[in-house]
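> What follows is run.csv, made up of CSV, C-alpha atoms:
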chain,number,residue,atom,x,y,z
A,1245,MET,CA,96.2,75.9,99.1
A,1246,ARG,CA,96.2,78.7,96.6
A,1247,ILE,CA,97.0,82.1,98.2
A,1248,VAL,CA,95.5,85.3,96.8
A,1249,ALA,CA,97.3,88.6,97.4
A,1250,LEU,CA,101.0,88.0,97.5
A,1251,LYS,CA,101.3,91.6,96.6
A,1252,ARG,CA,99.6,92.5,99.9
A,1253,LEU,CA,102.3,90.5,101.7
A,1254,ARG,CA,105.1,92.3,99.8
A,1255,MET,CA,103.6,95.7,100.5
A,1256,PHE,CA,103.5,94.9,104.2
A,1257,TRP,CA,107.1,93.7,104.4
A,1258,GLU,CA,108.3,96.7,102.5
A,1259,GLU,CA,106.9,98.8,105.4
A,1260,PHE,CA,108.0,96.3,108.1
A,1261,PRO,CA,111.2,94.6,106.8
A,1262,ASN,CA,111.3,92.3,109.9
A,1263,ALA,CA,108.1,90.7,108.6
A,1264,GLN,CA,109.5,89.5,105.3
A,1265,LYS,CA,111.0,86.2,106.4
A,1266,PRO,CA,108.1,85.1,108.6
A,1267,LEU,CA,105.6,86.1,105.8
A,1268,GLN,CA,107.6,84.2,103.2
A,1269,ARG,CA,107.7,81.2,105.5
A,1270,TRP,CA,103.9,81.4,106.1
A,1271,TYR,CA,103.4,81.7,102.3
A,1272,GLY,CA,105.5,78.6,101.6
A,1273,ASP,CA,103.8,76.6,104.3
A,1274,VAL,CA,100.3,77.5,103.3
A,1275,ASP,CA,101.1,77.0,99.6
A,1276,ALA,CA,102.1,73.4,100.3
A,1277,ALA,CA,99.2,72.7,102.7
A,1278,ARG,CA,96.0,70.9,101.8
A,1279,TRP,CA,93.5,71.9,104.4
A,1280,SER,CA,89.9,70.4,104.6
A,1281,ASN,CA,88.8,72.3,107.7
A,1282,PHE,CA,89.9,74.5,110.5
A,1283,GLN,CA,91.3,71.6,112.5
A,1284,ASP,CA,93.8,70.9,109.7
A,1285,VAL,CA,95.0,74.5,110.0
A,1286,ARG,CA,95.2,74.2,113.8
A,1287,ARG,CA,97.4,71.1,113.4
A,1288,MET,CA,99.8,73.1,111.4
A,1289,TYR,CA,99.5,76.4,113.4
A,1290,ASN,CA,98.6,75.7,117.0
A,1291,THR,CA,98.2,79.5,117.7
A,1292,VAL,CA,95.7,80.1,114.8
A,1293,ASP,CA,92.3,81.4,115.8
A,1294,SER,CA,89.0,82.2,114.0
A,1295,CYS,CA,86.6,85.1,114.5
A,1296,LYS,CA,83.2,86.1,113.1
A,1297,VAL,CA,83.4,89.7,111.7
A,1298,ALA,CA,80.8,92.3,111.0
A,1299,SER,CA,79.9,90.9,107.6
A,1300,GLY,CA,78.9,87.6,109.3
A,1301,ASN,CA,81.8,85.8,107.7
A,1302,THR,CA,84.4,83.9,109.7
A,1303,VAL,CA,88.0,84.7,109.2
A,1304,THR,CA,91.2,82.9,110.2
A,1305,ILE,CA,93.8,84.8,112.2
A,1306,PHE,CA,97.5,83.8,112.0
A,1307,ASP,CA,100.3,84.9,114.4
A,1308,ILE,CA,103.2,85.9,112.3
A,1309,GLY,CA,106.8,86.6,113.4
A,1310,GLY,CA,106.6,85.4,117.0
A,1311,ASN,CA,103.3,87.2,117.6
A,1312,LYS,CA,104.5,90.6,116.3
A,1313,TYR,CA,102.1,90.6,113.4
A,1314,ARG,CA,98.7,89.3,112.6
A,1315,LEU,CA,97.5,88.0,109.2
A,1316,ILE,CA,93.7,87.8,108.7
A,1317,ALA,CA,92.6,85.5,105.9
A,1318,ALA,CA,89.4,84.0,104.5
A,1319,VAL,CA,90.1,80.3,104.0
A,1320,HIS,CA,87.8,78.6,101.5
A,1321,TYR,CA,88.3,74.9,102.2
A,1322,ASN,CA,86.0,73.8,99.4
A,1323,THR,CA,88.0,75.5,96.7
A,1324,GLY,CA,91.5,75.4,98.3
A,1325,MET,CA,91.7,79.2,98.3
A,1326,VAL,CA,93.2,81.5,101.0
A,1327,TYR,CA,92.5,85.2,100.6
A,1328,VAL,CA,94.8,87.5,102.5
A,1329,LEU,CA,92.5,90.2,103.8
A,1330,ARG,CA,94.7,92.1,106.2
A,1331,ILE,CA,98.1,92.1,107.7
A,1332,MET,CA,98.8,94.3,110.7
A,1333,THR,CA,101.0,94.9,113.6
A,1334,HIS,CA,99.9,93.4,116.9
A,1335,ARG,CA,99.0,96.9,118.2
A,1336,GLU,CA,96.7,97.5,115.2
A,1337,TYR,CA,95.1,94.1,115.7
A,1338,ASP,CA,94.4,94.9,119.3
A,1339,ARG,CA,92.3,97.9,118.4
A,1340,ASP,CA,89.7,95.6,116.9
A,1341,VAL,CA,88.7,98.2,114.2
A,1342,TRP,CA,89.4,95.6,111.5
A,1343,LYS,CA,86.5,93.4,112.8
A,1344,ASN,CA,84.0,96.1,111.8
A,1345,GLN,CA,85.7,96.6,108.4
A,1346,LEU,CA,85.5,93.0,107.2
With the file now loaded, output its structure as structure tokens.

Amino acid sequence: MRIVALKRLRMFWEEFPNAQKPLQRWYGDVDAARWSNFQDVRRMYNTVDSCKVASGNTVTIFDIGGNKYRLIAAVHYNTGMVYVLRIMTHREYDRDVWKNQL
């Protein structure tokens, strides 16, 4: 898969240094992956989830760093693109504000 927004990952781990290794691991795993559908993602990440957001689009939610962080992505299986939309702490994620912003 091709990942868009490595800069967003870097910016996050600069603020939260403990997130660097888990985010780099996620990036490497996803970069090597060839997903055709959500079930392919689930086989790789059994804690992954999906959610419909305010725009009507469905996003994919990854647990990062032992559930300390959440990465929200738009996965386009037809083009092999993964767009990193948000990365947040678990506390920020639980507020659910992000759902109305996407």
> Name the residues in contact with Arg1254 in chain A at a cut-off of 10 Å, using all atoms listed in the file, excluding same-chain residues fewer than 6 positions from it; report them as a PyMOL selection string.
chain A and resi 1260-1261+1263-1264+1267-1268
> Here is a test: counting all atoms listed in the file, which residue of A:Phe1282, A:Tyr1271, A:Tyr1289, A:Trp1257 is nearest to Val1303 in chain A?
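Checking each candidate against Val1303 in chain A, we get A:Phe1282 as the closest.
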> Quick check, in Å to one decimal: how far apart do CA of Tyr1321 in chain A and CA of Ala1298 in chain A lie?
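That distance, rounded to one decimal, is 20.9 Å.
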> Could you tell me how far CA of Ala1249 in chain A lies from CA of Ala1318 in chain A, in Å and to one decimal?
11.6 Å
> Please measure the separation of CA of Trp1270 in chain A and CA of Leu1250 in chain A, giving the value in Å to one decimal.
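For CA of Trp1270 in chain A relative to CA of Leu1250 in chain A, the distance reads 11.2 Å.
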> Do you know which residues are at most 10 Å from range 1323-1336 of chain A counting all atoms listed in the file, after dropping those on the same chain fewer than 5 positions away, and could you put them as a PDB file with C-alpha atoms, keeping the file's coordinate frame?

ATOM      1  CA  MET A1245      96.200  75.900  99.100  1.00  0.00           C
ATOM      2  CA  ARG A1246      96.200  78.700  96.600  1.00  0.00           C
ATOM      3  CA  ILE A1247      97.000  82.100  98.200  1.00  0.00           C
ATOM      4  CA  VAL A1248      95.500  85.300  96.800  1.00  0.00           C
ATOM      5  CA  ALA A1249      97.300  88.600  97.400  1.00  0.00           C
ATOM      6  CA  LEU A1250     101.000  88.000  97.500  1.00  0.00           C
ATOM      7  CA  LYS A1251     101.300  91.600  96.600  1.00  0.00           C
ATOM      8  CA  ARG A1252      99.600  92.500  99.900  1.00  0.00           C
ATOM      9  CA  LEU A1253     102.300  90.500 101.700  1.00  0.00           C
ATOM     10  CA  MET A1255     103.600  95.700 100.500  1.00  0.00           C
ATOM     11  CA  PHE A1256     103.500  94.900 104.200  1.00  0.00           C
ATOM     12  CA  TRP A1257     107.100  93.700 104.400  1.00  0.00           C
ATOM     13  CA  PHE A1260     108.000  96.300 108.100  1.00  0.00           C
ATOM     14  CA  ALA A1263     108.100  90.700 108.600  1.00  0.00           C
ATOM     15  CA  LEU A1267     105.600  86.100 105.800  1.00  0.00           C
ATOM     16  CA  VAL A1274     100.300  77.500 103.300  1.00  0.00           C
ATOM     17  CA  ASP A1275     101.100  77.000  99.600  1.00  0.00           C
ATOM     18  CA  ALA A1277      99.200  72.700 102.700  1.00  0.00           C
ATOM     19  CA  ARG A1278      96.000  70.900 101.800  1.00  0.00           C
ATOM     20  CA  TRP A1279      93.500  71.900 104.400  1.00  0.00           C
ATOM     21  CA  SER A1280      89.900  70.400 104.600  1.00  0.00           C
ATOM     22  CA  VAL A1303      88.000  84.700 109.200  1.00  0.00           C
ATOM     23  CA  THR A1304      91.200  82.900 110.200  1.00  0.00           C
ATOM     24  CA  ILE A1305      93.800  84.800 112.200  1.00  0.00           C
ATOM     25  CA  PHE A1306      97.500  83.800 112.000  1.00  0.00           C
ATOM     26  CA  ASP A1307     100.300  84.900 114.400  1.00  0.00           C
ATOM     27  CA  ILE A1308     103.200  85.900 112.300  1.00  0.00           C
ATOM     28  CA  ASN A1311     103.300  87.200 117.600  1.00  0.00           C
ATOM     29  CA  LYS A1312     104.500  90.600 116.300  1.00  0.00           C
ATOM     30  CA  TYR A1313     102.100  90.600 113.400  1.00  0.00           C
ATOM     31  CA  ARG A1314      98.700  89.300 112.600  1.00  0.00           C
ATOM     32  CA  LEU A1315      97.500  88.000 109.200  1.00  0.00           C
ATOM     33  CA  ILE A1316      93.700  87.800 108.700  1.00  0.00           C
ATOM     34  CA  ALA A1317      92.600  85.500 105.900  1.00  0.00           C
ATOM     35  CA  ALA A1318      89.400  84.000 104.500  1.00  0.00           C
ATOM     36  CA  VAL A1341      88.700  98.200 114.200  1.00  0.00           C
ATOM     37  CA  TRP A1342      89.400  95.600 111.500  1.00  0.00           C
ATOM     38  CA  LEU A1346      85.500  93.000 107.200  1.00  0.00           C
TER      39      LEU A1346
END
> Which of these, A:Cys1295, A:Gly1310, A:Gly1300, A:Gln1283, has the shortest distance to Lys1265 in chain A once you count all atoms listed in the file?
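When distances to Lys1265 in chain A are compared using all atoms listed in the file, the smallest one comes from A:Gly1310.
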> Would you kindly return, as a count of residues only, each protein, DNA or RNA residue with an atom no farther than 10 Å from any atom of Asn1281 in chain A, considering only C-alpha atoms and excluding same-chain residues fewer than 5 positions away?
5
> Centre and edge lengths, as AutoDock Vina command-line options, for the axis-aligned box enclosing every listed atom of range 1259-1265 of chain A with 4 Å of padding on each of the six sides, in Å to one decimal?

--center_x 109.1 --center_y 92.5 --center_z 107.6 --size_x 12.4 --size_y 20.6 --size_z 12.6
> Is there a way to complete range 1328-1344 of chain A with N, CA and C atoms and then write that out as a PDB file, keeping the file's coordinate frame?

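In the end it all went to out03.pdb:
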ATOM      1  N   VAL A1328      94.186  86.632 101.515  1.00  0.00           N
ATOM      2  CA  VAL A1328      94.800  87.500 102.500  1.00  0.00           C
ATOM      3  C   VAL A1328      93.980  88.783 102.571  1.00  0.00           C
ATOM      4  N   LEU A1329      93.315  89.019 103.693  1.00  0.00           N
ATOM      5  CA  LEU A1329      92.500  90.200 103.800  1.00  0.00           C
ATOM      6  C   LEU A1329      93.192  91.360 104.469  1.00  0.00           C
ATOM      7  N   ARG A1330      93.954  91.081 105.493  1.00  0.00           N
ATOM      8  CA  ARG A1330      94.700  92.100 106.200  1.00  0.00           C
ATOM      9  C   ARG A1330      95.949  91.526 106.821  1.00  0.00           C
ATOM     10  N   ILE A1331      96.958  92.375 106.912  1.00  0.00           N
ATOM     11  CA  ILE A1331      98.100  92.100 107.700  1.00  0.00           C
ATOM     12  C   ILE A1331      98.377  93.326 108.532  1.00  0.00           C
ATOM     13  N   MET A1332      98.631  93.139 109.805  1.00  0.00           N
ATOM     14  CA  MET A1332      98.800  94.300 110.700  1.00  0.00           C
ATOM     15  C   MET A1332      99.725  93.997 111.823  1.00  0.00           C
ATOM     16  N   THR A1333     100.181  95.050 112.451  1.00  0.00           N
ATOM     17  CA  THR A1333     101.000  94.900 113.600  1.00  0.00           C
ATOM     18  C   THR A1333     100.065  94.382 114.763  1.00  0.00           C
ATOM     19  N   HIS A1334     100.673  93.851 115.798  1.00  0.00           N
ATOM     20  CA  HIS A1334      99.900  93.400 116.900  1.00  0.00           C
ATOM     21  C   HIS A1334      99.106  94.542 117.562  1.00  0.00           C
ATOM     22  N   ARG A1335      99.705  95.712 117.602  1.00  0.00           N
ATOM     23  CA  ARG A1335      99.000  96.900 118.200  1.00  0.00           C
ATOM     24  C   ARG A1335      97.786  97.253 117.359  1.00  0.00           C
ATOM     25  N   GLU A1336      97.904  97.237 116.028  1.00  0.00           N
ATOM     26  CA  GLU A1336      96.700  97.500 115.200  1.00  0.00           C
ATOM     27  C   GLU A1336      95.651  96.489 115.371  1.00  0.00           C
ATOM     28  N   TYR A1337      96.060  95.247 115.461  1.00  0.00           N
ATOM     29  CA  TYR A1337      95.100  94.100 115.700  1.00  0.00           C
ATOM     30  C   TYR A1337      94.327  94.339 116.951  1.00  0.00           C
ATOM     31  N   ASP A1338      95.012  94.716 118.015  1.00  0.00           N
ATOM     32  CA  ASP A1338      94.400  94.900 119.300  1.00  0.00           C
ATOM     33  C   ASP A1338      93.303  95.947 119.349  1.00  0.00           C
ATOM     34  N   ARG A1339      93.347  96.878 118.433  1.00  0.00           N
ATOM     35  CA  ARG A1339      92.300  97.900 118.400  1.00  0.00           C
ATOM     36  C   ARG A1339      90.961  97.416 117.971  1.00  0.00           C
ATOM     37  N   ASP A1340      90.930  96.256 117.340  1.00  0.00           N
ATOM     38  CA  ASP A1340      89.700  95.600 116.900  1.00  0.00           C
ATOM     39  C   ASP A1340      88.888  96.340 115.846  1.00  0.00           C
ATOM     40  N   VAL A1341      89.420  97.410 115.285  1.00  0.00           N
ATOM     41  CA  VAL A1341      88.700  98.200 114.200  1.00  0.00           C
ATOM     42  C   VAL A1341      88.502  97.271 113.009  1.00  0.00           C
ATOM     43  N   TRP A1342      89.448  96.411 112.711  1.00  0.00           N
ATOM     44  CA  TRP A1342      89.400  95.600 111.500  1.00  0.00           C
ATOM     45  C   TRP A1342      88.142  94.677 111.519  1.00  0.00           C
ATOM     46  N   LYS A1343      87.663  94.283 112.682  1.00  0.00           N
ATOM     47  CA  LYS A1343      86.500  93.400 112.800  1.00  0.00           C
ATOM     48  C   LYS A1343      85.253  94.063 112.144  1.00  0.00           C
ATOM     49  N   ASN A1344      85.142  95.355 112.308  1.00  0.00           N
ATOM     50  CA  ASN A1344      84.000  96.100 111.800  1.00  0.00           C
ATOM     51  C   ASN A1344      84.170  96.426 110.289  1.00  0.00           C
TER      52      ASN A1344
END
